[in-house]
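J.: Provided below: input_32.cif, containing mmCIF, C-alpha atoms.
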data_work
#
loop_
_atom_site.label_atom_id
_atom_site.label_comp_id
_atom_site.auth_asym_id
_atom_site.auth_seq_id
_atom_site.Cartn_x
_atom_site.Cartn_y
_atom_site.Cartn_z
CA MET A 137 24.72 -6.23 23.01
CA SER A 138 22.40 -4.49 20.61
CA LEU A 139 19.32 -6.41 19.49
CA THR A 140 19.16 -8.26 16.19
CA LYS A 141 16.28 -7.54 13.83
CA GLU A 142 14.63 -10.75 15.02
CA GLN A 143 14.97 -9.63 18.65
CA ILE A 144 13.44 -6.23 17.83
CA ALA A 145 10.51 -8.06 16.23
CA ARG A 146 10.21 -10.39 19.23
CA ARG A 147 10.12 -7.43 21.63
CA ILE A 148 7.41 -5.71 19.56
CA ALA A 149 5.40 -8.95 19.57
CA ARG A 150 5.10 -8.50 23.35
CA GLU A 151 2.91 -5.46 22.65
CA LEU A 152 0.31 -7.68 20.93
CA ARG A 153 -2.94 -8.42 22.76
CA GLU A 154 -5.70 -10.97 22.28
CA GLY A 155 -8.04 -9.97 19.46
CA TYR A 156 -5.81 -7.28 17.96
CA TYR A 157 -6.06 -6.37 14.28
CA VAL A 158 -2.50 -5.49 13.23
CA ASN A 159 -0.89 -3.98 10.15
CA LEU A 160 2.79 -4.82 9.72
CA GLY A 161 4.98 -2.81 7.37
CA ILE A 162 7.81 -4.06 5.20
CA GLY A 163 11.18 -5.05 6.75
CA ILE A 164 11.59 -5.69 10.49
CA PRO A 165 7.83 -5.20 11.10
CA THR A 166 7.05 -8.19 8.87
CA LEU A 167 9.13 -10.39 11.21
CA VAL A 168 6.75 -9.63 14.11
CA ALA A 169 4.34 -12.15 12.58
CA ASN A 170 6.84 -14.91 13.45
CA TYR A 171 6.59 -14.16 17.18
CA ILE A 172 2.85 -13.93 17.83
CA PRO A 173 2.41 -15.78 21.15
CA VAL A 174 1.04 -19.29 20.72
CA GLY A 175 -2.70 -19.35 21.37
CA MET A 176 -3.15 -15.59 20.96
CA ASN A 177 -5.69 -14.64 18.31
CA VAL A 178 -4.15 -11.80 16.26
CA VAL A 179 -5.48 -10.92 12.79
CA LEU A 180 -3.00 -9.46 10.29
CA GLN A 181 -4.26 -6.82 7.90
CA SER A 182 -2.62 -6.39 4.51
CA GLU A 183 -3.61 -3.02 3.07
CA ASN A 184 -3.92 -4.34 -0.49
CA GLY A 185 -7.15 -5.96 0.68
CA LEU A 186 -6.92 -8.84 3.13
CA LEU A 187 -7.69 -9.49 6.78
CA GLY A 188 -6.28 -12.77 8.04
CA MET A 189 -2.92 -13.03 6.32
CA GLY A 190 -1.30 -16.45 6.64
CA PRO A 191 2.30 -17.58 6.13
CA PHE A 192 4.12 -17.83 2.80
CA PRO A 193 2.88 -20.71 0.63
CA PHE A 194 4.74 -23.96 0.16
CA GLU A 195 6.54 -24.35 -3.16
CA GLY A 196 4.06 -25.10 -5.93
CA GLU A 197 1.16 -23.55 -4.01
CA GLU A 198 1.87 -19.93 -4.92
CA ASP A 199 -1.22 -18.07 -6.15
CA PRO A 200 -0.62 -14.96 -8.30
CA ASP A 201 -3.96 -13.52 -7.14
CA LEU A 202 -2.96 -13.76 -3.47
CA ILE A 203 -0.22 -11.36 -2.38
CA ASN A 204 0.57 -9.03 0.52
CA ALA A 205 1.34 -5.31 0.46
CA GLY A 206 4.99 -6.15 -0.23
CA LYS A 207 3.79 -8.03 -3.35
CA GLN A 208 4.95 -11.34 -1.87
CA THR A 209 2.93 -14.50 -2.38
CA ILE A 210 1.06 -15.40 0.82
CA THR A 211 -1.77 -17.61 2.08
CA THR A 212 -5.03 -17.09 3.95
CA VAL A 213 -6.12 -18.51 7.32
CA PRO A 214 -9.55 -19.75 8.41
CA GLY A 215 -11.74 -16.65 8.71
CA SER A 216 -9.83 -14.57 6.15
CA VAL A 217 -11.69 -11.95 4.12
CA PHE A 218 -10.86 -9.96 0.98
CA PHE A 219 -11.99 -6.41 0.22
CA ASP A 220 -11.14 -3.52 -2.08
CA SER A 221 -8.53 -0.83 -1.42
CA ALA A 222 -11.05 1.82 -0.37
CA MET A 223 -12.51 -0.42 2.33
CA SER A 224 -9.00 -1.42 3.37
CA PHE A 225 -8.03 2.18 4.03
CA GLY A 226 -11.52 2.86 5.34
CA MET A 227 -10.98 0.43 8.22
CA ILE A 228 -7.56 1.98 8.83
CA ARG A 229 -8.94 5.54 8.74
CA ALA A 230 -11.83 4.61 11.01
CA GLY A 231 -9.40 3.38 13.66
CA LYS A 232 -10.41 -0.27 13.50
CA VAL A 233 -6.80 -1.47 13.21
CA ASN A 234 -5.42 -1.72 16.76
CA LEU A 235 -1.71 -1.60 16.04
CA THR A 236 0.50 -0.52 13.16
CA VAL A 237 4.20 -1.39 13.09
CA LEU A 238 6.41 0.27 10.53
CA GLY A 239 9.99 1.22 9.82
CA ALA A 240 11.36 4.76 9.73
CA MET A 241 14.34 6.77 8.58
CA GLU A 242 13.76 9.39 11.30
CA VAL A 243 11.46 9.88 14.31
CA SER A 244 11.19 13.17 16.20
CA GLU A 245 10.74 13.64 19.94
CA ARG A 246 7.18 14.84 19.16
CA GLY A 247 6.34 11.60 17.35
CA ASP A 248 6.73 12.89 13.80
CA ILE A 249 7.92 10.26 11.33
CA ALA A 250 9.87 10.43 8.05
CA ASN A 251 10.13 7.24 6.04
CA TRP A 252 9.31 7.83 2.39
CA LYS A 253 11.57 10.33 0.69
CA ILE A 254 15.21 11.36 0.60
CA PRO A 255 15.74 14.59 -1.37
CA GLY A 256 18.06 14.04 -4.30
CA LYS A 257 17.34 10.33 -4.50
CA MET A 258 14.77 8.55 -6.67
CA VAL A 259 11.44 8.84 -4.88
CA LYS A 260 9.40 5.67 -5.13
CA GLY A 261 6.35 6.92 -3.29
CA MET A 262 4.65 6.74 0.07
CA GLY A 263 2.39 3.78 -0.72
CA GLY A 264 -0.01 3.43 2.19
CA ALA A 265 2.33 4.82 4.86
CA MET A 266 0.77 8.31 5.06
CA ASP A 267 -2.74 6.86 5.41
CA LEU A 268 -1.58 4.45 8.12
CA VAL A 269 0.27 6.99 10.25
CA ALA A 270 -2.49 9.60 9.93
CA SER A 271 -5.14 7.27 11.33
CA ALA A 272 -3.74 4.33 13.31
CA ARG A 273 -4.50 4.47 17.01
CA ASN A 274 -1.21 2.94 18.06
CA ILE A 275 1.94 3.19 15.99
CA ILE A 276 5.19 1.46 16.91
CA VAL A 277 8.31 2.16 14.90
CA ALA A 278 10.86 -0.61 14.47
CA MET A 279 14.27 0.67 13.38
CA MET A 280 17.98 0.89 14.06
CA HIS A 281 18.86 3.58 16.59
CA THR A 282 21.43 5.14 14.25
CA ASN A 283 21.86 5.29 10.47
CA PRO A 284 24.75 3.55 8.66
CA LYS A 285 26.87 6.68 9.23
CA GLY A 286 26.33 6.32 12.98
CA GLU A 287 24.05 9.36 13.22
CA SER A 288 21.02 9.29 15.51
CA LYS A 289 17.64 8.59 13.90
CA LEU A 290 15.84 9.90 17.01
CA LEU A 291 15.88 13.63 16.55
CA PRO A 292 14.54 16.88 18.03
CA ALA A 293 12.82 17.39 14.64
CA CYS A 294 12.89 15.34 11.45
CA THR A 295 15.15 16.68 8.71
CA LEU A 296 13.65 14.53 5.92
CA PRO A 297 10.21 15.16 4.34
CA LEU A 298 7.54 14.02 6.80
CA THR A 299 5.22 11.06 6.42
CA GLY A 300 3.08 12.02 9.41
CA VAL A 301 2.95 14.43 12.32
CA GLY A 302 2.78 13.58 16.03
CA CYS A 303 1.67 10.00 15.43
CA VAL A 304 4.35 7.60 16.69
CA LYS A 305 3.68 6.22 20.19
CA LYS A 306 6.69 3.96 20.74
CA VAL A 307 10.05 3.18 19.18
CA VAL A 308 11.78 -0.19 19.49
CA SER A 309 15.35 0.08 18.25
CA ASP A 310 18.36 -2.20 18.44
CA LEU A 311 19.37 -0.33 21.61
CA ALA A 312 16.20 0.62 23.46
CA VAL A 313 12.46 0.80 23.89
CA LEU A 314 11.27 4.40 24.09
CA ASP A 315 7.82 5.91 24.57
CA ILE A 316 6.97 9.19 22.88
CA THR A 317 5.70 11.52 25.61
CA PRO A 318 4.77 15.21 25.57
CA ASP A 319 8.24 15.85 27.04
CA GLY A 320 10.25 13.77 24.56
CA PHE A 321 11.61 10.22 24.24
CA LYS A 322 11.13 8.37 27.52
CA LEU A 323 13.59 5.51 27.94
CA VAL A 324 11.60 2.46 29.03
CA GLU A 325 13.98 -0.44 28.48
CA ARG A 326 17.54 -0.89 27.22
CA ALA A 327 19.14 -3.71 25.25
CA PRO A 328 20.98 -6.21 27.47
CA GLY A 329 24.36 -4.81 28.49
CA VAL A 330 23.86 -1.47 26.73
CA PRO A 331 24.51 1.35 29.21
CA VAL A 332 22.11 4.30 29.46
CA ASP A 333 24.97 6.64 28.58
CA GLU A 334 25.39 4.95 25.19
CA ILE A 335 21.67 5.39 24.46
CA ARG A 336 21.90 9.00 25.61
CA ALA A 337 24.87 9.60 23.29
CA LYS A 338 23.03 8.10 20.33
CA THR A 339 19.72 9.90 20.90
CA ALA A 340 19.82 13.40 19.45
CA GLY A 341 16.28 14.26 20.57
CA LYS A 342 15.34 14.94 24.18
CA LEU A 343 15.76 11.76 26.25
CA ILE A 344 14.02 11.29 29.58
CA VAL A 345 15.61 8.80 31.96
CA GLU A 346 13.85 8.18 35.26
CA GLY A 347 15.22 5.71 37.80
CA GLU A 348 16.67 2.32 36.96
CA ILE A 349 16.10 1.28 33.35
CA PRO A 350 15.45 -2.47 33.05
CA GLU A 351 16.95 -4.58 30.29
CA ILE A 352 14.77 -5.73 27.40
CA VAL A 353 13.49 -9.27 27.82
CA CYS A 354 12.89 -10.92 24.47
CA MET B 241 -27.60 -3.15 -25.04
CA ASN B 242 -24.69 -5.40 -25.93
CA LYS B 243 -21.67 -4.88 -23.70
CA VAL B 244 -19.73 -7.89 -24.90
CA VAL B 245 -16.89 -7.11 -27.30
CA SER B 246 -14.69 -9.57 -29.16
CA GLY B 247 -11.44 -8.77 -27.42
CA ALA B 248 -9.02 -6.17 -26.12
CA ASP B 249 -8.37 -4.47 -29.46
CA GLU B 250 -12.06 -3.80 -30.03
CA ALA B 251 -12.55 -2.77 -26.40
CA ILE B 252 -9.90 -0.05 -26.50
CA ARG B 253 -10.46 0.97 -30.15
CA ASP B 254 -11.55 4.55 -29.37
CA ILE B 255 -9.02 5.44 -26.67
CA PRO B 256 -7.35 8.53 -28.15
CA ASP B 257 -3.92 10.06 -27.67
CA GLY B 258 -3.90 12.23 -24.56
CA ALA B 259 -6.61 10.28 -22.74
CA THR B 260 -6.72 9.89 -18.97
CA LEU B 261 -6.90 6.21 -18.00
CA MET B 262 -7.42 4.35 -14.76
CA LEU B 263 -5.77 0.93 -14.60
CA GLY B 264 -6.67 -1.50 -11.83
CA GLY B 265 -4.21 -3.72 -10.01
CA PHE B 266 -1.78 -3.74 -7.11
CA GLY B 267 1.75 -4.42 -8.26
CA LEU B 268 1.21 -6.95 -11.05
CA CYS B 269 -1.76 -8.54 -9.25
CA GLY B 270 -5.09 -8.00 -10.99
CA ILE B 271 -3.82 -5.75 -13.78
CA PRO B 272 -5.73 -5.51 -17.09
CA GLU B 273 -2.92 -7.16 -19.00
CA ASN B 274 -4.91 -7.79 -22.20
CA CYS B 275 -5.94 -4.13 -22.47
CA ILE B 276 -2.36 -3.02 -21.82
CA ALA B 277 -1.10 -5.31 -24.60
CA ALA B 278 -3.73 -3.83 -26.95
CA LEU B 279 -2.76 -0.26 -26.04
CA VAL B 280 0.85 -1.12 -26.86
CA ARG B 281 -0.26 -2.57 -30.24
CA LYS B 282 -2.37 0.50 -30.98
CA GLY B 283 0.48 2.83 -30.05
CA VAL B 284 -1.76 5.42 -28.41
CA SER B 285 0.37 8.11 -26.75
CA ARG B 286 0.54 11.01 -24.26
CA LEU B 287 -1.54 9.04 -21.79
CA THR B 288 -2.17 10.03 -18.19
CA CYS B 289 -2.35 6.82 -16.16
CA ILE B 290 -3.96 6.62 -12.73
CA SER B 291 -2.71 3.36 -11.24
CA ASN B 292 -1.37 2.39 -7.82
CA ASN B 293 1.90 1.20 -9.38
CA ALA B 294 3.67 1.47 -12.72
CA GLY B 295 4.46 -2.15 -13.48
CA VAL B 296 7.92 -3.60 -13.97
CA ASP B 297 10.28 -3.09 -16.92
CA ASP B 298 8.81 -5.78 -19.13
CA PHE B 299 5.27 -6.22 -17.82
CA GLY B 300 2.21 -4.21 -16.92
CA ILE B 301 2.35 -0.44 -17.45
CA GLY B 302 6.11 -0.89 -17.90
CA LEU B 303 5.33 -2.11 -21.44
CA MET B 304 3.65 1.22 -22.24
CA LEU B 305 6.45 3.19 -20.60
CA LYS B 306 8.98 1.40 -22.79
CA GLN B 307 7.07 2.60 -25.89
CA LYS B 308 6.96 6.14 -24.41
CA GLN B 309 3.16 6.13 -24.45
CA VAL B 310 2.78 7.60 -20.98
CA LYS B 311 2.98 11.34 -20.32
CA LYS B 312 2.03 11.27 -16.66
CA MET B 313 1.65 8.68 -13.89
CA ILE B 314 -0.57 9.24 -10.86
CA SER B 315 0.43 6.53 -8.37
CA SER B 316 1.25 5.80 -4.73
CA TYR B 317 4.38 3.73 -5.33
CA VAL B 318 6.49 3.42 -8.47
CA GLY B 319 9.55 1.35 -7.55
CA GLU B 320 10.69 -1.76 -9.42
CA ASN B 321 11.05 -0.13 -12.84
CA ALA B 322 14.38 1.08 -14.27
CA GLU B 323 12.92 2.59 -17.47
CA PHE B 324 10.44 4.54 -15.35
CA GLU B 325 13.29 5.96 -13.30
CA ARG B 326 15.25 6.91 -16.42
CA GLN B 327 12.29 8.76 -17.97
CA LEU B 328 11.49 10.49 -14.70
CA LEU B 329 15.05 11.72 -14.15
CA SER B 330 15.34 12.87 -17.79
CA GLY B 331 12.10 14.84 -17.52
CA GLU B 332 10.25 12.81 -20.17
CA LEU B 333 7.73 11.57 -17.65
CA GLU B 334 5.67 13.45 -15.10
CA VAL B 335 4.74 11.76 -11.82
CA GLU B 336 2.25 12.68 -9.13
CA LEU B 337 2.62 10.60 -5.97
CA ILE B 338 -0.38 10.39 -3.69
CA PRO B 339 -1.14 8.29 -0.61
CA GLN B 340 -2.61 4.88 -1.43
CA GLY B 341 -5.76 5.36 0.62
CA THR B 342 -6.28 8.78 -0.95
CA LEU B 343 -5.93 7.22 -4.41
CA ALA B 344 -8.55 4.61 -3.55
CA THR B 345 -10.92 7.12 -1.99
CA ARG B 346 -10.69 9.55 -4.91
CA CYS B 347 -11.84 6.67 -7.15
CA LEU B 348 -14.59 5.81 -4.70
CA ALA B 349 -15.81 9.40 -4.59
CA ALA B 350 -16.06 9.50 -8.39
CA GLY B 351 -18.08 6.29 -8.44
CA TYR B 352 -20.34 7.52 -5.65
CA GLY B 353 -21.01 10.87 -7.32
CA MET B 354 -19.23 12.91 -4.68
CA PRO B 355 -16.98 15.77 -5.83
CA ALA B 356 -14.47 15.49 -3.00
CA VAL B 357 -13.59 13.83 0.30
CA PHE B 358 -11.72 14.77 3.48
CA THR B 359 -8.88 12.53 4.61
CA PRO B 360 -6.20 12.95 7.30
CA ALA B 361 -3.52 11.29 5.14
CA GLY B 362 -0.75 13.74 4.34
CA VAL B 363 -1.70 16.47 6.81
CA GLY B 364 1.48 18.33 7.80
CA THR B 365 3.43 16.87 4.86
CA GLU B 366 4.21 18.11 1.36
CA VAL B 367 1.11 16.23 0.14
CA ALA B 368 -0.92 18.98 1.83
CA ASP B 369 0.70 21.78 -0.20
CA GLY B 370 -1.98 23.92 -1.86
CA LYS B 371 -4.88 21.90 -0.44
CA GLU B 372 -7.69 23.06 1.80
CA VAL B 373 -7.26 21.86 5.40
CA ARG B 374 -10.30 21.65 7.62
CA GLN B 375 -10.70 20.71 11.28
CA PHE B 376 -13.34 18.20 12.35
CA ASN B 377 -13.57 17.34 16.06
CA GLY B 378 -10.12 18.77 16.63
CA LYS B 379 -8.37 16.79 13.91
CA ALA B 380 -7.09 18.19 10.60
CA TYR B 381 -8.16 16.76 7.24
CA LEU B 382 -7.21 17.49 3.62
CA LEU B 383 -9.78 18.13 0.91
CA GLU B 384 -9.08 15.70 -1.93
CA MET B 385 -10.97 15.84 -5.23
CA ALA B 386 -12.70 12.93 -6.95
CA PHE B 387 -10.80 11.66 -9.98
CA GLU B 388 -12.00 12.17 -13.51
CA ALA B 389 -10.97 9.52 -16.00
CA ASP B 390 -11.98 9.04 -19.64
CA PHE B 391 -11.56 5.27 -19.46
CA ALA B 392 -11.17 2.77 -16.63
CA LEU B 393 -9.50 -0.54 -17.51
CA VAL B 394 -10.12 -3.27 -14.97
CA LYS B 395 -9.53 -6.98 -14.64
CA ALA B 396 -12.08 -9.30 -13.03
CA TRP B 397 -12.18 -13.03 -12.37
CA LYS B 398 -15.70 -13.55 -13.67
CA GLY B 399 -18.10 -11.35 -15.54
CA ASP B 400 -21.48 -11.80 -17.14
CA THR B 401 -22.92 -10.35 -20.32
CA GLU B 402 -24.62 -7.59 -18.26
CA GLY B 403 -21.18 -6.38 -17.13
CA ASN B 404 -21.56 -7.60 -13.57
CA LEU B 405 -18.15 -8.44 -12.13
CA VAL B 406 -16.63 -10.70 -9.49
CA PHE B 407 -13.01 -10.35 -8.44
CA LYS B 408 -10.68 -12.96 -6.99
CA GLU B 409 -8.74 -12.68 -3.71
CA THR B 410 -6.32 -9.74 -3.53
CA ALA B 411 -6.64 -9.20 -7.29
CA ARG B 412 -9.71 -7.15 -6.29
CA ASN B 413 -7.67 -4.18 -4.91
CA PHE B 414 -8.41 -1.03 -6.99
CA ASN B 415 -10.41 -2.78 -9.71
CA PRO B 416 -13.99 -2.32 -8.40
CA LEU B 417 -13.23 1.30 -7.40
CA MET B 418 -11.87 2.22 -10.81
CA ALA B 419 -14.69 0.33 -12.50
CA MET B 420 -17.08 2.77 -10.79
CA ALA B 421 -15.01 5.82 -11.65
CA GLY B 422 -14.43 5.68 -15.40
CA LYS B 423 -16.60 7.58 -17.90
CA ILE B 424 -16.19 4.43 -20.02
CA THR B 425 -15.30 1.29 -18.11
CA ILE B 426 -13.77 -1.70 -19.88
CA ALA B 427 -13.55 -5.01 -18.04
CA GLU B 428 -11.44 -7.98 -19.10
CA VAL B 429 -12.44 -11.20 -17.38
CA GLU B 430 -11.07 -14.72 -17.08
CA GLU B 431 -14.51 -16.26 -17.39
CA LEU B 432 -17.45 -14.70 -19.24
CA VAL B 433 -20.82 -16.21 -18.40
CA PRO B 434 -24.39 -15.52 -19.59
CA ALA B 435 -26.67 -13.26 -17.55
CA GLY B 436 -27.85 -15.32 -14.61
CA GLY B 437 -24.56 -17.16 -14.39
CA LEU B 438 -23.42 -15.18 -11.36
CA ASP B 439 -25.02 -15.23 -7.90
CA PRO B 440 -26.60 -11.73 -7.54
CA ASP B 441 -25.63 -11.73 -3.84
CA SER B 442 -21.96 -12.26 -4.65
CA ILE B 443 -21.39 -9.64 -7.36
CA HIS B 444 -18.78 -7.02 -6.43
CA THR B 445 -19.38 -4.52 -9.25
CA PRO B 446 -22.89 -4.00 -10.64
CA GLY B 447 -22.93 -3.91 -14.43
CA ILE B 448 -24.35 -0.38 -14.53
CA TYR B 449 -20.77 0.81 -14.05
CA VAL B 450 -19.38 -1.36 -16.86
CA HIS B 451 -19.69 -0.45 -20.54
CA ARG B 452 -17.64 -3.12 -22.28
CA VAL B 453 -16.68 -6.62 -21.21
CA PHE B 454 -14.62 -9.33 -22.88
CA LYS B 455 -12.94 -12.60 -22.08
CA GLY B 456 -9.21 -11.98 -22.00
CA GLY B 457 -7.29 -13.99 -24.58
CA GLN B 458 -4.43 -14.78 -22.26
CA PHE B 459 -3.58 -14.14 -18.63
CA GLU B 460 0.06 -14.50 -17.73
CA LYS B 461 -0.53 -13.36 -14.12
CA ARG B 462 3.12 -12.79 -13.45
CA ILE B 463 4.24 -12.98 -9.82
CA GLU B 464 6.41 -10.05 -8.71
CA GLN B 465 7.83 -11.49 -5.46
CA ARG B 466 7.58 -15.27 -5.38
CA THR B 467 8.02 -16.09 -1.71
CA ILE B 468 7.73 -19.58 -0.29
CA ARG B 469 8.36 -21.43 2.97
CA LYS B 470 10.13 -24.72 3.36
CA LYS B 471 8.13 -27.79 4.32
CA ALA B 472 9.02 -28.70 7.89
#
Please render this file's structure as structure tokens.

T.:
Amino acid sequence: MSLTKEQIARRIARELREGYYVNLGIGIPTLVANYIPVGMNVVLQSENGLLGMGPFPFEGEEDPDLINAGKQTITTVPGSVFFDSAMSFGMIRAGKVNLTVLGAMEVSERGDIANWKIPGKMVKGMGGAMDLVASARNIIVAMMHTNPKGESKLLPACTLPLTGVGCVKKVVSDLAVLDITPDGFKLVERAPGVPVDEIRAKTAGKLIVEGEIPEIVC
Amino acid sequence: MNKVVSGADEAIRDIPDGATLMLGGFGLCGIPENCIAALVRKGVSRLTCISNNAGVDDFGIGLMLKQKQVKKMISSYVGENAEFERQLLSGELEVELIPQGTLATRCLAAGYGMPAVFTPAGVGTEVADGKEVRQFNGKAYLLEMAFEADFALVKAWKGDTEGNLVFKETARNFNPLMAMAGKITIAEVEELVPAGGLDPDSIHTPGIYVHRVFKGGQFEKRIEQRTIRKKA
């Protein structure tokens, strides 16, 4: 059984540690906030200028001056702080953010990522993605293992225009958890009931399989 | 020195066709909506707009796009706008996309009197095309130039008659950076107070950067993505 988006988010939440400052991208990464272990102090950074992002507001409590990077209405938590966009990317560039989780259209076996532009289609822009991937100390990509056509998104080299080079550390897909190593994608865990051969068939980049591969617990 | 003007129309009176403008805001949050409305009324054209986003079809910079007042957008993300897409694909509109942190830092550099900055964002991507790359401690950085803008239009929560500004929550975003970067900076505020009405320790933008200030006539503050949770 491949993982649902919620299960991917839950598995990524197991990478969180006490005291982490975390930036979550749009899509599956946003769901990670729902699975922060109870009692663990994790501070969410929103690159439009907030540390300490809280949940969505209750109806009637929406504040047009308080949004996240996806332009959704949000709330603060005790200890929250606002700042301008230069300081926001300053703390990202200076490596103060411990973990960045974002989606991708393609990841290469060297850790390159493409997630902002498809030639021939309307290009909306990279937003903060290029700044995040160029500077974050630890980048986890959350994505489906294959695209809607069934083609692998884990490639020897990205075919789409790059967002960043050699920056992704780990991929959590609906089929597997893989570490990016100097030798390629190292299979760390597999989705429950998904055989290694299926992951091998759906991974176009170099896949390293050593010993028994445990199933993902999430 | 009187920085207080009567309203948006007076504040933007001398913005000419072909000017380069900075407009604060992130999405529709913290945009100078009174100045935008005045620019639409004035009909000024061939503008270059430096702004993180380009508004939506019927609000924000989208209102100026609809009147074909914008020649070029310099932004990090321009989704959510069908008219924008139409003008871009038909070649009527020029767009330069740059990373969001680079956009912010190029404003900062201008306000800090620095001609350029080095940033790692975009190294190894098409953003690096034609730019100087330099290694520091084994890591590659791009040379990015400070922006030059004829006018910066920003929106603050509170301002005083000296032009000192205080922003609210995430409506701060690019506003204080652009306020520092414009040759002429125009601030529209929700509350205009006399000098001394703001705590000097809590001011985000010192008035030295601000040339004109006015109390906005109306703030719609439209929400782009109203998202709520259910009460348990």

J.: Evaluated on this file, the PyMOL selection byres ((chain A and resi 191) around 7) picks out some residues - which ones are they, written as a list of chain:residue names?

T.: A:Met189, A:Gly190, A:Phe192, A:Pro193, A:Ile210, A:Thr211

J.: On this file, the PyMOL selection byres ((chain A) within 6 of (chain B)) gives some set of residues; write that set as a list in words.

T.: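 Here the PyMOL selection byres ((chain A) within 6 of (chain B)) matches Asn184, Gly185, Phe192, Pro193, Phe194, Glu195, Pro200, Asp201, Leu202, Lys207, Gln208, Thr209, Phe218, Asp220, Ser221, Ala222, Phe225, Lys260, Gly261, Met262, Gly263, Gly264, Met266, Asp267, Ala270 and Leu298 of chain A.
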
J.: So that I can see what lies close to Lys141 of chain A, please list as a list in words the residues with an atom at most 10 Å from it, counting only C-alpha atoms and leaving out residues fewer than 5 positions away in the same chain.

T.: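 Neighbouring residues, sequence-local ones excluded: Arg146, Arg147, Gly163, Ile164, Pro165, Leu167, Val168, Ala278, Met279, Met280, Ser309 and Asp310 of chain A.
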
J.: Extract, using only C-alpha atoms, all DNA, RNA and protein residues at most 6 Å from Tyr157 of chain A, discarding same-chain residues fewer than 4 positions from it, and format them as a ChimeraX atom specification.

T.: /A:179-180,233-234

J.: How would the residues just chosen look if you wrote them out with C-alpha atoms as a compact mmCIF listing (two decimals), in the frame of the given file?

T.:
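The resulting out14.txt:
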# COMPACT_ATOMS: atom_id res chain seq x y z
CA VAL A 179 -5.48 -10.92 12.79
CA LEU A 180 -3.00 -9.46 10.29
CA VAL A 233 -6.80 -1.47 13.21
CA ASN A 234 -5.42 -1.72 16.76

J.: Which one of B:Leu261, B:Leu383, B:Ala419, B:Val296 sits closest to Lys311 of chain B if you count only C-alpha atoms?

T.: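 Residue with the minimum atom-to-atom distance to Lys311 of chain B: B:Leu261.
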
J.: Starting from the displayed file, determine the output of the PyMOL selection byres ((chain B and resi 372) around 10) and express the residue list as a PyMOL selection string.

T.: chain B and resi 358+368-371+373-374+381-384

J.: So the first atom is atom CA of Ser244 of chain A and the second is atom CA of Ile276 of chain A; what is the distance between them in Å, to one decimal place?

T.: 13.2 Å

J.: Restricting the calculation to all atoms listed in the file: of A:Val307, A:Gly161, A:Gly320, A:Met258, which residue gets closest to Ser330 of chain B?

T.: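 Nearest candidate to Ser330 of chain B out of A:Val307, A:Gly161, A:Gly320, A:Met258: A:Met258.
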
J.: Which distance in Å separates atom CA of Asp441 of chain B and atom CA of Met227 of chain A, to one decimal?

T.: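 Atom-to-atom, atom CA of Asp441 of chain B and atom CA of Met227 of chain A are spaced 22.5 Å apart.
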